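**Q** Dropping a structure here in structure tokens format, bear with me for questions.
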Amino acid sequence: FNKSGIKSVAIHSKAENSKSNFTVSDKEDLISKFRNDVYQVAFTVNMFNEGVDIPDIENILMLRPTDSLTILIQQIGRGLRISEGKDALQVLDFIGNYRNL
């Protein structure tokens, strides 16, 4: 994505235990930058399922399977928030979660 000119970042919950060596503070900084449109795309795993409110999300890419209808609804719900200037949500389900659940 970055090589194609789309500012993106990977954010994950186990940052302090990973080879990337960034801290919880760094993770919070990256989330803040995503909220403030420094990054157009954030790649996450199980971080934005619940308890996150970023209403202007317009696209969700599903890139891994989920066996839980509740989690799938929560994930899609991240993009269903109302936001000024937002007309729609686009969900690209590359895995076919919608068929399985």
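All residue names refer to the structure tokens as shown: chains lettered A, B, ... in order, residues numbered from 1 in each chain, ligands numbered from 1 in order.
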May I have the residues within 9 Å of stretch 3-14 of chain A as a list in words, using only C-alpha atoms and disregarding those fewer than 6 positions away in the same chain?
**A** Thr23, Val24, Lys27, Leu30, Ile31, Phe34, Val38, Tyr39, Gln40, Val41, Ala42, Phe43, Thr44, Val45, Asn46 and Met47 of chain A
**Q** Selected residues, C-alpha atoms, written as an mmCIF file, in the first residue's frame, please.
**A**
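File written: result27.cif
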```cif
data_model
loop_
_atom_site.group_PDB
_atom_site.id
_atom_site.type_symbol
_atom_site.label_atom_id
_atom_site.label_comp_id
_atom_site.auth_asym_id
_atom_site.auth_seq_id
_atom_site.Cartn_x
_atom_site.Cartn_y
_atom_site.Cartn_z
ATOM 1 C CA THR A 23 5.698 0.224 22.874
ATOM 2 C CA VAL A 24 2.071 0.575 23.953
ATOM 3 C CA LYS A 27 0.679 1.881 19.429
ATOM 4 C CA LEU A 30 -0.304 5.214 15.648
ATOM 5 C CA ILE A 31 -4.031 4.854 16.427
ATOM 6 C CA PHE A 34 -4.942 6.983 11.970
ATOM 7 C CA VAL A 38 -2.128 10.758 8.867
ATOM 8 C CA TYR A 39 -2.666 7.193 7.614
ATOM 9 C CA GLN A 40 -5.361 6.229 5.129
ATOM 10 C CA VAL A 41 -5.230 2.520 5.990
ATOM 11 C CA ALA A 42 -4.614 0.681 9.264
ATOM 12 C CA PHE A 43 -3.970 -3.048 9.191
ATOM 13 C CA THR A 44 -5.079 -4.596 12.492
ATOM 14 C CA VAL A 45 -5.869 -8.007 13.961
ATOM 15 C CA ASN A 46 -8.509 -8.154 16.716
ATOM 16 C CA MET A 47 -7.848 -4.583 17.803
#
```
**Q** Out of chain A, which residues get strand (DSSP E or B) from DSSP, as a ChimeraX atom specification?
**A** /A:8-10,41-43,59-62,90-93
**Q** May I ask for the distance between atom CA of A:Leu63 and atom CA of A:Ile76, given in Å to one decimal place?
**A**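 Separation of atom CA of A:Leu63 and atom CA of A:Ile76: 12.7 Å.
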**Q** Which residues are close to A:Leu72, i.e. within 10 Å by only C-alpha atoms, leaving aside same-chain residues fewer than 3 positions away? Reply as a PyMOL selection string.
**A** chain A and resi 49+62+65-69+75-77+97-98+101
**Q** Quick one: pull the distance between atom CA of A:Gly79 and atom CA of A:Asp26, Å, one decimal.
**A**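 Calculated distance between atom CA of A:Gly79 and atom CA of A:Asp26 is 24.0 Å.
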**Q** May I have all residues of stretch 14-87 of chain A that DSSP, computed from the backbone, assigns to helix (DSSP H, G or I), given as a list in words?
**A**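 Taking stretch 14-87 of chain A and keeping helix (DSSP H, G or I) gives Ala15, Glu16, Asn17, Val24, Ser25, Asp26, Lys27, Glu28, Asp29, Leu30, Ile31, Ser32, Lys33, Phe34, Arg35, Leu69, Thr70, Ile71, Leu72, Ile73, Gln74, Gln75, Ile76 and Gly77 of chain A.
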**Q** Write the selection just made, keeping C-alpha atoms, as a short mmCIF file (atom, residue, chain, number, x, y, z; two decimals), in the first residue's frame?
**A**
```cif
data_model
loop_
_atom_site.label_atom_id
_atom_site.label_comp_id
_atom_site.auth_asym_id
_atom_site.auth_seq_id
_atom_site.Cartn_x
_atom_site.Cartn_y
_atom_site.Cartn_z
CA ALA A 15 3.64 -4.63 19.92
CA GLU A 16 5.93 -4.87 22.94
CA ASN A 17 6.50 -8.59 22.33
CA VAL A 24 2.07 0.57 23.95
CA SER A 25 2.64 4.33 23.79
CA ASP A 26 3.79 3.97 20.18
CA LYS A 27 0.68 1.88 19.43
CA GLU A 28 -1.58 4.58 20.90
CA ASP A 29 0.28 7.20 18.86
CA LEU A 30 -0.30 5.21 15.65
CA ILE A 31 -4.03 4.85 16.43
CA SER A 32 -4.22 8.60 17.07
CA LYS A 33 -2.49 9.31 13.75
CA PHE A 34 -4.94 6.98 11.97
CA ARG A 35 -7.88 8.81 13.60
CA LEU A 69 -21.06 -14.00 14.01
CA THR A 70 -20.76 -11.63 16.98
CA ILE A 71 -17.18 -10.69 16.06
CA LEU A 72 -18.10 -10.28 12.39
CA ILE A 73 -20.93 -7.90 13.34
CA GLN A 74 -18.59 -5.97 15.64
CA GLN A 75 -15.96 -5.69 12.91
CA ILE A 76 -18.44 -4.40 10.35
CA GLY A 77 -19.95 -2.16 13.02
#
```
**Q** Have a look at atom CA of A:Val52 and atom CA of A:Arg99 and let me know their distance in Å, one decimal.
**A**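 Pair atom CA of A:Val52 / atom CA of A:Arg99 returns 25.8 Å.
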**Q** Determine, counting only C-alpha atoms, which protein, DNA and RNA residues have an atom within 8 Å of an atom of A:Ile57; residues of the same chain fewer than 3 positions away are not included. Present the result as a PyMOL selection string.
**A** chain A and resi 54+60+78-79+81+89
**Q** Keeping only C-alpha atoms, write those residues as a compact mmCIF listing (two decimals), in the first residue's frame.
**A**
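out39.txt written:
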```txt
# COMPACT_ATOMS: atom_id res chain seq x y z
CA ILE A 54 -13.48 5.98 14.55
CA ILE A 60 -13.26 -2.45 5.72
CA ARG A 78 -16.70 -0.19 13.16
CA GLY A 79 -17.63 1.25 9.79
CA ARG A 81 -20.95 4.76 12.54
CA LEU A 89 -19.49 1.89 4.03
```
**Q** Check the smallest atom-to-atom distance from each of A:Gly96, A:Glu58, A:Asp37, A:Phe48 to A:Ile82 using only C-alpha atoms, then report the winner.
**A**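 Closest to A:Ile82 of all the choices is A:Glu58.
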